[in-house]
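Engineer: This is run_14.txt, which holds compact mmCIF, C-alpha atoms:
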# COMPACT_ATOMS: atom_id res chain seq x y z
CA MET A 1 7.17 10.88 -50.93
CA SER A 2 6.48 9.13 -47.61
CA THR A 3 3.25 9.69 -45.78
CA THR A 4 2.55 9.49 -42.06
CA PRO A 5 -0.14 6.93 -41.23
CA ALA A 6 -3.29 8.41 -39.77
CA LYS A 7 -3.78 7.99 -36.06
CA PRO A 8 -6.78 5.90 -34.99
CA VAL A 9 -9.79 7.97 -34.02
CA LEU A 10 -10.96 7.37 -30.46
CA VAL A 11 -14.64 7.85 -29.81
CA ALA A 12 -15.43 9.57 -26.49
CA ASN A 13 -16.65 7.16 -23.81
CA GLU A 14 -16.14 4.18 -26.11
CA ALA A 15 -15.33 1.07 -24.09
CA PRO A 16 -11.90 -0.36 -24.90
CA LYS A 17 -11.73 -3.77 -26.50
CA ARG A 18 -11.07 -6.38 -23.86
CA PRO A 19 -8.15 -8.77 -24.28
CA SER A 20 -8.86 -12.48 -24.39
CA ARG A 21 -8.76 -14.53 -21.21
CA GLU A 22 -5.53 -16.13 -22.36
CA GLN A 23 -3.95 -12.71 -22.86
CA ALA A 24 -4.99 -11.76 -19.33
CA LEU A 25 -3.51 -15.00 -17.95
CA GLU A 26 -0.24 -14.32 -19.77
CA ALA A 27 -0.15 -10.78 -18.37
CA VAL A 28 -0.34 -12.16 -14.83
CA ARG A 29 2.44 -14.65 -15.58
CA THR A 30 4.55 -11.75 -16.84
CA LEU A 31 3.99 -9.76 -13.65
CA ILE A 32 4.90 -12.78 -11.49
CA ALA A 33 8.13 -13.19 -13.45
CA TRP A 34 8.83 -9.45 -13.23
CA ALA A 35 8.43 -9.65 -9.44
CA GLY A 36 11.25 -12.20 -9.46
CA ASP A 37 9.44 -15.52 -9.12
CA ASP A 38 8.76 -18.44 -11.44
CA PRO A 39 5.14 -18.53 -12.69
CA ALA A 40 5.62 -22.23 -13.52
CA ARG A 41 6.46 -23.38 -9.99
CA PRO A 42 3.77 -25.48 -8.27
CA GLY A 43 2.59 -22.80 -5.84
CA LEU A 44 2.08 -20.25 -8.62
CA VAL A 45 1.04 -22.29 -11.64
CA ASP A 46 -2.69 -21.72 -10.96
CA THR A 47 -2.30 -18.16 -9.68
CA PRO A 48 -2.99 -16.47 -13.05
CA LYS A 49 -6.36 -18.22 -13.25
CA ARG A 50 -7.25 -17.16 -9.71
CA VAL A 51 -6.17 -13.56 -10.35
CA VAL A 52 -8.17 -13.29 -13.58
CA ASP A 53 -11.23 -14.76 -11.87
CA ALA A 54 -10.81 -12.27 -9.02
CA TYR A 55 -10.56 -9.39 -11.49
CA GLY A 56 -13.81 -10.54 -13.04
CA GLU A 57 -15.47 -10.19 -9.63
CA TRP A 58 -13.69 -7.04 -8.44
CA PHE A 59 -14.50 -5.13 -11.62
CA ASP A 60 -17.92 -6.45 -12.60
CA GLY A 61 -19.25 -2.91 -12.19
CA TYR A 62 -18.23 -2.24 -15.79
CA ASP A 63 -20.91 -4.70 -16.93
CA ALA A 64 -23.64 -3.26 -14.68
CA ASP A 65 -25.99 -0.34 -15.31
CA ALA A 66 -26.80 1.94 -12.39
CA GLY A 67 -29.63 3.51 -14.37
CA LYS A 68 -31.33 0.15 -14.71
CA GLU A 69 -31.15 -0.35 -10.94
CA LEU A 70 -32.83 3.01 -10.39
CA SER A 71 -35.44 2.64 -13.14
CA ARG A 72 -38.12 0.97 -11.00
CA THR A 73 -39.54 3.74 -8.85
CA PHE A 74 -42.63 4.34 -6.76
CA GLU A 75 -44.70 7.51 -6.59
CA ASP A 76 -46.78 6.88 -3.47
CA VAL A 77 -44.74 8.13 -0.50
CA THR A 78 -47.83 8.85 1.66
CA GLY A 79 -46.75 12.41 2.37
CA TYR A 80 -43.20 11.58 3.49
CA ASP A 81 -41.01 14.61 2.79
CA ASP A 82 -37.85 14.10 4.86
CA MET A 83 -34.55 12.50 3.92
CA VAL A 84 -34.02 8.79 3.26
CA VAL A 85 -30.62 7.73 4.62
CA LEU A 86 -28.61 4.54 4.11
CA ARG A 87 -25.71 4.14 6.51
CA ASP A 88 -22.62 1.94 6.50
CA ILE A 89 -22.76 0.68 2.91
CA GLU A 90 -19.64 -1.43 2.36
CA VAL A 91 -17.20 0.02 -0.17
CA GLU A 92 -14.66 -2.29 -1.81
CA SER A 93 -12.90 -0.55 -4.66
CA HIS A 94 -9.52 -0.18 -6.37
CA CYS A 95 -7.67 3.03 -7.10
CA GLU A 96 -6.76 3.77 -10.69
CA HIS A 97 -3.21 4.85 -9.82
CA HIS A 98 -1.81 1.64 -8.31
CA LEU A 99 -4.67 -0.89 -8.72
CA ALA A 100 -4.56 -1.15 -4.93
CA PRO A 101 -7.76 -1.66 -2.90
CA PHE A 102 -9.45 1.06 -0.93
CA LEU A 103 -11.93 -0.16 1.63
CA GLY A 104 -14.48 1.66 3.72
CA LYS A 105 -18.08 2.78 4.04
CA ALA A 106 -20.51 5.00 2.18
CA TRP A 107 -23.49 6.96 3.49
CA VAL A 108 -26.17 8.03 1.03
CA ALA A 109 -29.23 10.24 1.54
CA TYR A 110 -31.79 11.82 -0.73
CA LEU A 111 -34.89 13.95 -0.35
CA PRO A 112 -37.60 12.34 -2.49
CA GLY A 113 -39.29 14.44 -5.11
CA GLU A 114 -42.08 12.62 -6.90
CA LYS A 115 -40.24 9.28 -7.00
CA VAL A 116 -38.69 6.93 -4.47
CA VAL A 117 -36.68 3.80 -5.11
CA GLY A 118 -36.16 0.57 -3.21
CA ILE A 119 -33.41 1.11 -0.64
CA SER A 120 -31.45 -1.92 -1.83
CA LYS A 121 -31.08 -0.21 -5.20
CA LEU A 122 -29.16 2.66 -3.61
CA ALA A 123 -26.71 0.21 -2.07
CA ARG A 124 -26.43 -1.51 -5.44
CA VAL A 125 -25.53 1.81 -7.11
CA VAL A 126 -22.67 2.23 -4.65
CA GLU A 127 -21.52 -1.30 -5.39
CA ILE A 128 -21.65 -0.84 -9.17
CA TYR A 129 -19.44 2.24 -9.17
CA ALA A 130 -17.12 0.86 -6.49
CA ARG A 131 -16.36 -2.13 -8.67
CA ARG A 132 -14.52 -0.03 -11.22
CA LEU A 133 -11.12 1.66 -11.32
CA GLN A 134 -11.28 5.25 -10.13
CA ASN A 135 -10.31 7.57 -7.32
CA GLN A 136 -12.54 8.18 -4.32
CA GLU A 137 -13.59 11.61 -5.55
CA THR A 138 -14.87 10.12 -8.80
CA LEU A 139 -16.71 7.37 -6.92
CA THR A 140 -18.48 9.97 -4.78
CA ASN A 141 -19.47 12.00 -7.84
CA ASP A 142 -20.68 8.97 -9.83
CA ILE A 143 -22.98 7.81 -7.02
CA ILE A 144 -24.58 11.21 -6.60
CA ASP A 145 -24.88 11.90 -10.34
CA ALA A 146 -26.71 8.61 -10.92
CA ILE A 147 -29.23 9.33 -8.16
CA GLU A 148 -29.73 12.91 -9.35
CA SER A 149 -30.20 11.88 -12.96
CA HIS A 150 -32.67 9.05 -12.45
CA LEU A 151 -34.71 10.09 -9.41
CA GLN A 152 -34.79 13.90 -9.77
CA PRO A 153 -34.84 14.30 -5.97
CA ARG A 154 -34.90 17.58 -4.08
CA GLY A 155 -31.37 16.91 -2.96
CA VAL A 156 -28.72 14.21 -2.52
CA ALA A 157 -25.90 13.78 0.01
CA VAL A 158 -23.06 11.27 -0.18
CA MET A 159 -20.11 10.64 2.10
CA VAL A 160 -17.40 8.01 1.59
CA ASP A 161 -14.79 7.16 4.24
CA ALA A 162 -12.10 4.71 3.12
CA ALA A 163 -8.57 3.50 3.82
CA HIS A 164 -6.34 3.31 0.75
CA GLN A 165 -3.92 0.40 0.55
CA CYS A 166 -1.70 2.36 -1.84
CA MET A 167 -0.98 4.56 1.20
CA THR A 168 -0.98 1.93 3.95
CA THR A 169 1.11 -0.81 2.26
CA ARG A 170 3.50 1.29 0.15
CA GLY A 171 4.79 4.83 -0.06
CA VAL A 172 4.31 6.62 3.27
CA HIS A 173 3.02 3.46 5.05
CA HIS A 174 0.50 5.27 7.26
CA ARG A 175 -1.87 2.54 8.40
CA HIS A 176 -4.47 4.46 10.35
CA VAL A 177 -5.33 7.24 7.90
CA THR A 178 -8.67 7.30 6.11
CA THR A 179 -9.93 9.62 3.39
CA ILE A 180 -13.35 11.27 3.60
CA THR A 181 -15.12 12.70 0.55
CA THR A 182 -18.51 14.40 0.57
CA ARG A 183 -20.79 16.01 -1.94
CA PHE A 184 -24.18 17.69 -1.57
CA THR A 185 -26.74 18.77 -4.16
CA GLY A 186 -30.07 20.56 -4.09
CA ALA A 187 -31.48 21.22 -0.62
CA PHE A 188 -28.47 19.61 1.06
CA LYS A 189 -26.19 22.13 -0.63
CA GLU A 190 -28.48 25.09 -0.06
CA ASP A 191 -29.27 24.36 3.61
CA PRO A 192 -26.19 23.87 5.84
CA ALA A 193 -28.40 22.68 8.70
CA LEU A 194 -29.75 19.86 6.55
CA ALA A 195 -26.26 18.85 5.46
CA ASP A 196 -25.12 18.91 9.08
CA ARG A 197 -28.05 16.70 10.12
CA PHE A 198 -27.06 14.18 7.44
CA LEU A 199 -23.45 14.13 8.70
CA LYS A 200 -24.62 13.63 12.28
CA LEU A 201 -26.90 10.77 11.23
CA ALA A 202 -24.10 9.24 9.17
CA LYS A 203 -21.65 9.23 12.04
CA GLY A 204 -24.20 8.71 14.82
Could I get this structure in the form of structure tokens?
Structural biologist:
Amino acid sequence: MSTTPAKPVLVANEAPKRPSREQALEAVRTLIAWAGDDPARPGLVDTPKRVVDAYGEWFDGYDADAGKELSRTFEDVTGYDDMVVLRDIEVESHCEHHLAPFLGKAWVAYLPGEKVVGISKLARVVEIYARRLQNQETLTNDIIDAIESHLQPRGVAVMVDAAHQCMTTRGVHHRHVTTITTRFTGAFKEDPALADRFLKLAKG
């Protein structure tokens, strides 16, 4: 009597095994050939190496830990109890649907509780999550969840405004459309006036 082989068990949140560099190079050669060109011609022979190196830079967020960036905090805020806002943080990411870039800006604010963090660390958190494959909604959520989890602030606000190349260079070809995502927690969610002040500061 024949038996059906058991399916492999996938562990939740387990990182997939990465292919070797040579496998990645061969994958790029295959895509070049599929596009209709010759990966062995002089102008393209080194392209797989350049693409794989670029992927290593574009997606190095998978090897970074946002929690580690936010782990060094300070408790002496000398009575400061208003929002801390970072404006115009560069966002360079890639959508998970077409692997196409989406480029824009992020604005991040939090109301310190007992801990504050160096402002460069907030920008680094944005960078870490941007350098992964996702959609803009997920990026917005990941940034805010990391700050909430590690700083326990009284509230967090995040806005991302980006142009998606999967929309501007293919499909509908609308070049001047951007996507805005926002999320508010704590006092920012409970107090519309506070959220509105953040949005005015972000776009001011």
Engineer: Compile a residue-level contact table for segment 125-166 of chain A against segment 76-95 of chain A at a cut-off of 7 Å, reporting for every qualifying residue the shortest atom pair and its distance in Å to one decimal, with only C-alpha atoms counted, rows ordered by chain and ascending number, as a Markdown table.
Structural biologist:
| residue | atom | partner | partner_atom | distance |
| --- | --- | --- | --- | --- |
| A:Glu127 | CA | A:Val91 | CA | 6.9 |
| A:Ala130 | CA | A:Ser93 | CA | 4.8 |
| A:Arg131 | CA | A:Ser93 | CA | 5.5 |
| A:Arg132 | CA | A:Ser93 | CA | 6.8 |
| A:Leu133 | CA | A:His94 | CA | 5.5 |
| A:Gln134 | CA | A:Cys95 | CA | 5.2 |
| A:Asn135 | CA | A:Cys95 | CA | 5.3 |
Engineer: Just want the 12 Å neighbourhood of His98 of chain A, counted on only C-alpha atoms, with same-chain residues fewer than 6 positions away dropped. Output as a ChimeraX atom specification.
Structural biologist: /A:133-135,164-167,169-171
Engineer: Considering only C-alpha atoms, state which residue in the set A:Leu199, A:Val172, A:Ala27, A:Val156 is at the smallest distance from Leu122 of chain A.
Structural biologist: A:Val156
Engineer: Can you work out which one of A:His150, A:Lys189, A:Arg41, A:Arg18 has the shortest atom-to-atom distance to Val116 of chain A, counting all atoms listed in the file?
Structural biologist: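 Ranked by minimum distance to Val116 of chain A, first place goes to A:His150.
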Engineer: Select, from A:Gly104, A:Gly67, A:Gly113, A:Pro39, the residue with the minimum atom-to-atom distance to Val125 of chain A, counting only C-alpha atoms.
Structural biologist: A:Gly67
Engineer: Restricting the calculation to only C-alpha atoms: of A:Leu151, A:Val126, A:Ala64, A:Ala157, which residue gets closest to Ala187 of chain A?
Structural biologist: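 Selected residue with least distance to Ala187 of chain A: A:Ala157.
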Engineer: Report, as lines of an AutoDock Vina configuration file, the axis-aligned box around all atoms of segment 135-139 of chain A present in the file, extended by 3 Å on each side; give centre and edge lengths in Å to one decimal place.
Structural biologist:
center_x = -13.5
center_y = 9.5
center_z = -6.6
size_x = 12.4
size_y = 10.2
size_z = 10.5
Engineer: Tell me, as a VMD selection string, which residues lie within 8 Å of Thr178 of chain A, counting only C-alpha atoms; anything in the same chain fewer than 5 positions away does not count.
Structural biologist: chain A and resid 161 to 164
Engineer: If you count only C-alpha atoms, which residues fall within 12 Å of segment 21-24 of chain A, apart from same-chain ones fewer than 6 positions away, as a ChimeraX atom specification?
Structural biologist: /A:30-31,47-56
Engineer: Contacts of Arg154 of chain A at 9 Å or less, counting all atoms listed in the file, minus same-chain residues fewer than 2 places along, as a ChimeraX atom specification?
Structural biologist: /A:110-113,148,152,156,185-188
